[in-house]
$ cat upload13.pdb   # PDB, C-alpha atoms
ATOM      1  CA  MET A   1     -21.365 -28.787  -2.850
ATOM      2  CA  ALA A   2     -23.616 -25.825  -3.703
ATOM      3  CA  GLN A   3     -23.887 -24.973  -0.007
ATOM      4  CA  VAL A   4     -20.094 -24.918   0.302
ATOM      5  CA  CYS A   5     -19.790 -22.573  -2.707
ATOM      6  CA  ASN A   6     -22.438 -20.257  -1.262
ATOM      7  CA  TYR A   7     -20.656 -20.274   2.102
ATOM      8  CA  VAL A   8     -17.329 -19.379   0.435
ATOM      9  CA  ARG A   9     -18.987 -16.563  -1.564
ATOM     10  CA  ALA A  10     -20.673 -15.193   1.553
ATOM     11  CA  LYS A  11     -17.390 -15.379   3.453
ATOM     12  CA  ARG A  12     -15.564 -13.510   0.660
ATOM     13  CA  TYR A  13     -18.317 -10.891   0.561
ATOM     14  CA  LYS A  14     -18.035 -10.315   4.319
ATOM     15  CA  VAL A  15     -14.263  -9.917   4.003
ATOM     16  CA  ALA A  16     -14.685  -7.438   1.129
ATOM     17  CA  VAL A  17     -17.228  -5.424   3.123
ATOM     18  CA  ARG A  18     -14.878  -5.370   6.120
ATOM     19  CA  LEU A  19     -11.992  -4.206   3.930
ATOM     20  CA  PHE A  20     -13.961  -1.160   2.796
ATOM     21  CA  SER A  21     -15.097  -0.306   6.308
ATOM     22  CA  ALA A  22     -13.389   2.769   7.740
ATOM     23  CA  LYS A  23     -13.142   1.145  11.172
ATOM     24  CA  VAL A  24     -11.907  -2.242  10.033
ATOM     25  CA  SER A  25      -9.021  -2.612  12.474
ATOM     26  CA  SER A  26     -11.206  -1.859  15.473
ATOM     27  CA  ASN A  27     -13.794  -4.409  14.280
ATOM     28  CA  LEU A  28     -11.285  -7.242  14.247
ATOM     29  CA  LYS A  29     -11.506  -9.328  17.401
ATOM     30  CA  THR A  30      -8.133 -11.033  16.980
ATOM     31  CA  PRO A  31      -4.984  -9.853  15.244
ATOM     32  CA  ILE A  32      -4.641 -11.033  11.669
ATOM     33  CA  GLN A  33      -1.616 -13.106  10.704
ATOM     34  CA  ALA A  34      -1.086 -11.741   7.185
ATOM     35  CA  ASP A  35      -1.940  -8.567   5.306
ATOM     36  CA  MET A  36      -5.424  -8.655   3.786
ATOM     37  CA  ILE A  37      -5.935  -6.960   0.432
ATOM     38  CA  GLY A  38      -9.388  -5.917  -0.742
ATOM     39  CA  PRO A  39     -10.920  -5.210  -4.135
ATOM     40  CA  PRO A  40      -9.994  -1.966  -5.933
ATOM     41  CA  ASP A  41     -11.623   1.241  -4.746
ATOM     42  CA  PRO A  42     -14.002   2.487  -7.485
ATOM     43  CA  ILE A  43     -12.538   6.012  -7.473
ATOM     44  CA  SER A  44      -8.850   5.723  -6.607
ATOM     45  CA  ASN A  45      -8.461   2.265  -8.227
ATOM     46  CA  LEU A  46      -6.199   1.280  -5.306
ATOM     47  CA  ARG A  47      -6.719  -1.876  -3.301
ATOM     48  CA  PRO A  48      -7.247  -1.240   0.413
ATOM     49  CA  ILE A  49      -4.943  -3.170   2.717
ATOM     50  CA  ILE A  50      -5.430  -4.242   6.313
ATOM     51  CA  PHE A  51      -1.951  -4.704   7.700
ATOM     52  CA  ALA A  52      -1.216  -7.671   9.929
ATOM     53  CA  LYS A  53      -0.754  -6.845  13.589
ATOM     54  CA  SER A  54       1.058  -9.237  15.881
ATOM     55  CA  ASP A  55       0.268  -9.714  19.561
ATOM     56  CA  LYS A  56       4.001  -9.480  20.250
ATOM     57  CA  GLU A  57       4.542  -6.381  18.116
ATOM     58  CA  ASN A  58       7.487  -4.346  19.401
ATOM     59  CA  LYS A  59       7.894  -0.565  19.054
ATOM     60  CA  LEU A  60       9.855  -0.827  15.817
ATOM     61  CA  GLU A  61       7.313  -3.168  14.230
ATOM     62  CA  LYS A  62       4.474  -0.906  15.349
ATOM     63  CA  LEU A  63       6.216   2.124  13.856
ATOM     64  CA  TYR A  64       6.739   0.240  10.589
ATOM     65  CA  ARG A  65       3.089  -0.909  10.421
ATOM     66  CA  GLU A  66       1.767   2.568  11.257
ATOM     67  CA  LEU A  67       4.019   4.167   8.635
ATOM     68  CA  ARG A  68       2.729   1.678   6.058
ATOM     69  CA  GLU A  69      -0.845   2.540   7.052
ATOM     70  CA  ASP A  70      -0.142   6.282   6.870
ATOM     71  CA  THR A  71       1.475   5.863   3.457
ATOM     72  CA  GLN A  72      -1.523   3.895   2.213
ATOM     73  CA  ILE A  73      -3.938   6.583   3.459
ATOM     74  CA  TRP A  74      -1.814   9.348   1.901
ATOM     75  CA  ASN A  75      -1.703   7.456  -1.406
ATOM     76  CA  GLN A  76      -5.454   6.731  -1.282
ATOM     77  CA  ASN A  77      -6.260  10.398  -0.618
ATOM     78  CA  PHE A  78      -4.017  11.625  -3.430
ATOM     79  CA  TRP A  79      -5.446   9.287  -6.063
ATOM     80  CA  THR A  80      -9.034   9.806  -4.959
ATOM     81  CA  LYS A  81      -8.649  13.590  -5.239
ATOM     82  CA  HIS A  82      -6.738  13.295  -8.520
ATOM     83  CA  ASN A  83      -9.216  10.909 -10.143
ATOM     84  CA  ILE A  84     -12.244  12.960  -9.049
ATOM     85  CA  SER A  85     -10.609  16.017 -10.611
ATOM     86  CA  PHE A  86      -9.842  14.050 -13.770
ATOM     87  CA  ILE A  87     -13.415  12.740 -14.095
ATOM     88  CA  GLU A  88     -14.950  16.196 -13.527
ATOM     89  CA  GLU A  89     -12.642  17.927 -16.001
ATOM     90  CA  ARG A  90     -13.154  15.185 -18.599
ATOM     91  CA  LYS A  91     -16.924  15.539 -18.239
ATOM     92  CA  ARG A  92     -16.702  19.334 -18.690
ATOM     93  CA  PHE A  93     -14.458  18.875 -21.745
ATOM     94  CA  GLN A  94     -16.930  16.430 -23.300
ATOM     95  CA  GLU A  95     -19.853  18.764 -22.557
ATOM     96  CA  ASN A  96     -17.976  21.644 -24.205
ATOM     97  CA  LEU A  97     -17.386  19.527 -27.313
ATOM     98  CA  LYS A  98     -21.086  18.628 -27.452
ATOM     99  CA  ALA A  99     -22.018  22.301 -26.989
ATOM    100  CA  GLN A 100     -19.843  23.094 -30.019
ATOM    101  CA  GLY A 101     -22.007  20.745 -32.085
ATOM    102  CA  LYS A 102     -19.982  17.531 -31.997
ATOM    103  CA  THR A 103     -22.289  14.532 -32.081
ATOM    104  CA  SER A 104     -19.590  11.982 -31.325
ATOM    105  CA  ILE A 105     -16.305  12.413 -29.546
ATOM    106  CA  SER A 106     -13.321  10.707 -31.125
ATOM    107  CA  ALA A 107     -10.125   9.443 -29.552
ATOM    108  CA  ASP A 108      -8.302  12.343 -31.222
ATOM    109  CA  ASP A 109     -10.622  14.811 -29.481
ATOM    110  CA  MET A 110      -9.972  13.134 -26.135
ATOM    111  CA  SER A 111      -6.205  13.065 -26.723
ATOM    112  CA  ILE A 112      -6.300  16.872 -26.619
ATOM    113  CA  PHE A 113      -7.924  16.725 -23.197
ATOM    114  CA  TYR A 114      -5.500  14.099 -21.898
ATOM    115  CA  LYS A 115      -2.478  16.146 -22.961
ATOM    116  CA  GLU A 116      -3.884  19.343 -21.448
ATOM    117  CA  PHE A 117      -4.726  17.554 -18.210
ATOM    118  CA  LEU A 118      -1.278  15.988 -17.924
ATOM    119  CA  ASP A 119       0.450  19.272 -18.756
ATOM    120  CA  LYS A 120      -1.644  21.135 -16.185
ATOM    121  CA  ASN A 121      -0.963  18.532 -13.478
ATOM    122  CA  TRP A 122       2.681  17.879 -14.337
ATOM    123  CA  ARG A 123       4.050  19.611 -11.232
ATOM    124  CA  THR A 124       1.564  17.768  -8.996
ATOM    125  CA  HIS A 125       2.687  14.426 -10.431
ATOM    126  CA  VAL A 126       6.362  15.281 -10.006
ATOM    127  CA  ASN A 127       5.768  16.283  -6.371
ATOM    128  CA  TYR A 128       3.749  13.110  -5.801
ATOM    129  CA  ASN A 129       6.515  10.937  -7.264
ATOM    130  CA  ILE A 130       9.197  12.607  -5.141
ATOM    131  CA  ALA A 131       7.114  12.182  -1.974
ATOM    132  CA  TRP A 132       6.246   8.597  -2.951
ATOM    133  CA  TYR A 133       9.901   7.669  -3.409
ATOM    134  CA  LYS A 134      10.851   9.293  -0.086
ATOM    135  CA  LYS A 135       8.114   7.400   1.733
ATOM    136  CA  ASN A 136       9.126   4.105   0.131
ATOM    137  CA  VAL A 137      12.813   4.553   0.925
ATOM    138  CA  LYS A 138      11.907   5.318   4.547
ATOM    139  CA  LEU A 139       9.678   2.216   4.615
ATOM    140  CA  LEU A 140      12.445   0.122   3.091
ATOM    141  CA  PHE A 141      14.995   1.116   5.724
ATOM    142  CA  LEU A 142      12.450   0.629   8.484
ATOM    143  CA  GLU A 143      11.600  -2.836   7.156
ATOM    144  CA  ILE A 144      15.285  -3.734   7.073
ATOM    145  CA  ALA A 145      15.595  -2.563  10.689
ATOM    146  CA  VAL A 146      12.564  -4.657  11.693
ATOM    147  CA  ARG A 147      13.948  -7.756   9.993
ATOM    148  CA  MET A 148      17.375  -7.263  11.545
ATOM    149  CA  SER A 149      15.828  -6.833  15.004
ATOM    150  CA  LYS A 150      14.036 -10.142  14.559
ATOM    151  CA  LEU A 151      17.294 -11.871  13.643
ATOM    152  CA  LYS A 152      18.960 -10.696  16.844
ATOM    153  CA  PHE A 153      16.404 -12.363  19.074
ATOM    154  CA  ARG A 154      16.420 -15.792  17.424
TER     155      ARG A 154
END
$ encode --input "upload13.pdb" --output "structure tokens"
Amino acid sequence: MAQVCNYVRAKRYKVAVRLFSAKVSSNLKTPIQADMIGPPDPISNLRPIIFAKSDKENKLEKLYRELREDTQIWNQNFWTKHNISFIEERKRFQENLKAQGKTSISADDMSIFYKEFLDKNWRTHVNYNIAWYKKNVKLLFLEIAVRMSKLKFR
């Protein structure tokens, strides 16, 4: 029983390592049958996804899968950049408070930083949300087209 548990853990670890690999799709020997979702990225907090690729993938399905992959990469890049900026600015804010003689930083002190950060990045978040909605609507219509094309051939 212990050997089975160790095998399952090792198998899960290998899958997690593959999910974080930048060249995951090219490392796969056979197409996967379902999307694989990995553990959250430590910086962006998003879960990487390897999208299923069928042997009989038509042009529409390929376009849909590639658009999903592009959207995931765009989203990953945005949140990685945003969270790095947030962490750096928070660290500078905390260092400034300590330089002013504060021995401990309270939640009230940090609320000032959070408000300033959100106010400063308001336009960026609005633009992100608009782009995110556009991408999702495009994906939705493309998915509907893919599903309808599959119905025709049955």
$ residues_around --input "upload13.pdb" --residues "Ile105 in chain A" --least-positions-apart "3" --cutoff "12 Å" --atoms "all atoms listed in the file" --output "list in words"
Arg90, Lys91, Phe93, Gln94, Glu95, Asn96, Leu97, Lys98, Ala99, Gln100, Gly101, Lys102, Asp108, Asp109, Met110, Ser111, Ile112 and Phe113 of chain A
$ closest_residue --input "upload13.pdb" --among "A:Lys135, A:Lys115, A:Lys53, A:Lys62" --to "Asn75 in chain A" --atoms "all atoms listed in the file"
A:Lys135
$ atom_distance --input "upload13.pdb" --atom1 "CA of Ala34 in chain A" --atom2 "CA of Ile50 in chain A"
8.7 Å
$ atom_distance --input "upload13.pdb" --atom1 "CA of Tyr64 in chain A" --atom2 "CA of Arg123 in chain A"
29.3 Å
$ atom_distance --input "upload13.pdb" --atom1 "CA of Thr124 in chain A" --atom2 "CA of Phe86 in chain A"
12.9 Å
$ resolve_selection --input "upload13.pdb" --expression "the PyMOL selection byres ((chain A and resi 69) around 12)" --output "PyMOL selection string"
chain A and resi 25+35+48-53+62-68+70-76+135+139
$ resolve_selection --input "upload13.pdb" --expression "the PyMOL selection byres ((chain A and resi 44) around 6)" --output "list in words"
Asp41, Ile43, Asn45, Leu46, Trp79 and Thr80 of chain A
$ write_last_selection --input "upload13.pdb" --atoms "C-alpha atoms" --output "mmCIF file, in the frame of the given file"
data_model
loop_
_atom_site.group_PDB
_atom_site.id
_atom_site.type_symbol
_atom_site.label_atom_id
_atom_site.label_comp_id
_atom_site.auth_asym_id
_atom_site.auth_seq_id
_atom_site.Cartn_x
_atom_site.Cartn_y
_atom_site.Cartn_z
ATOM 1 C CA ASP A 41 -11.623 1.241 -4.746
ATOM 2 C CA ILE A 43 -12.538 6.012 -7.473
ATOM 3 C CA ASN A 45 -8.461 2.265 -8.227
ATOM 4 C CA LEU A 46 -6.199 1.280 -5.306
ATOM 5 C CA TRP A 79 -5.446 9.287 -6.063
ATOM 6 C CA THR A 80 -9.034 9.806 -4.959
#
$ resolve_selection --input "upload13.pdb" --expression "the PyMOL selection byres ((chain A and resi 145-148) around 10)" --output "number ranges by chain"
A: 58-64, 139-144, 149-153
$ residues_around --input "upload13.pdb" --residues "Asn121 in chain A" --least-positions-apart "5" --cutoff "12 Å" --atoms "all atoms listed in the file" --output "list in words"
His82, Asn83, Ser85, Phe86, Glu89, Tyr114, Lys115, Glu116, Val126, Asn127 and Tyr128 of chain A
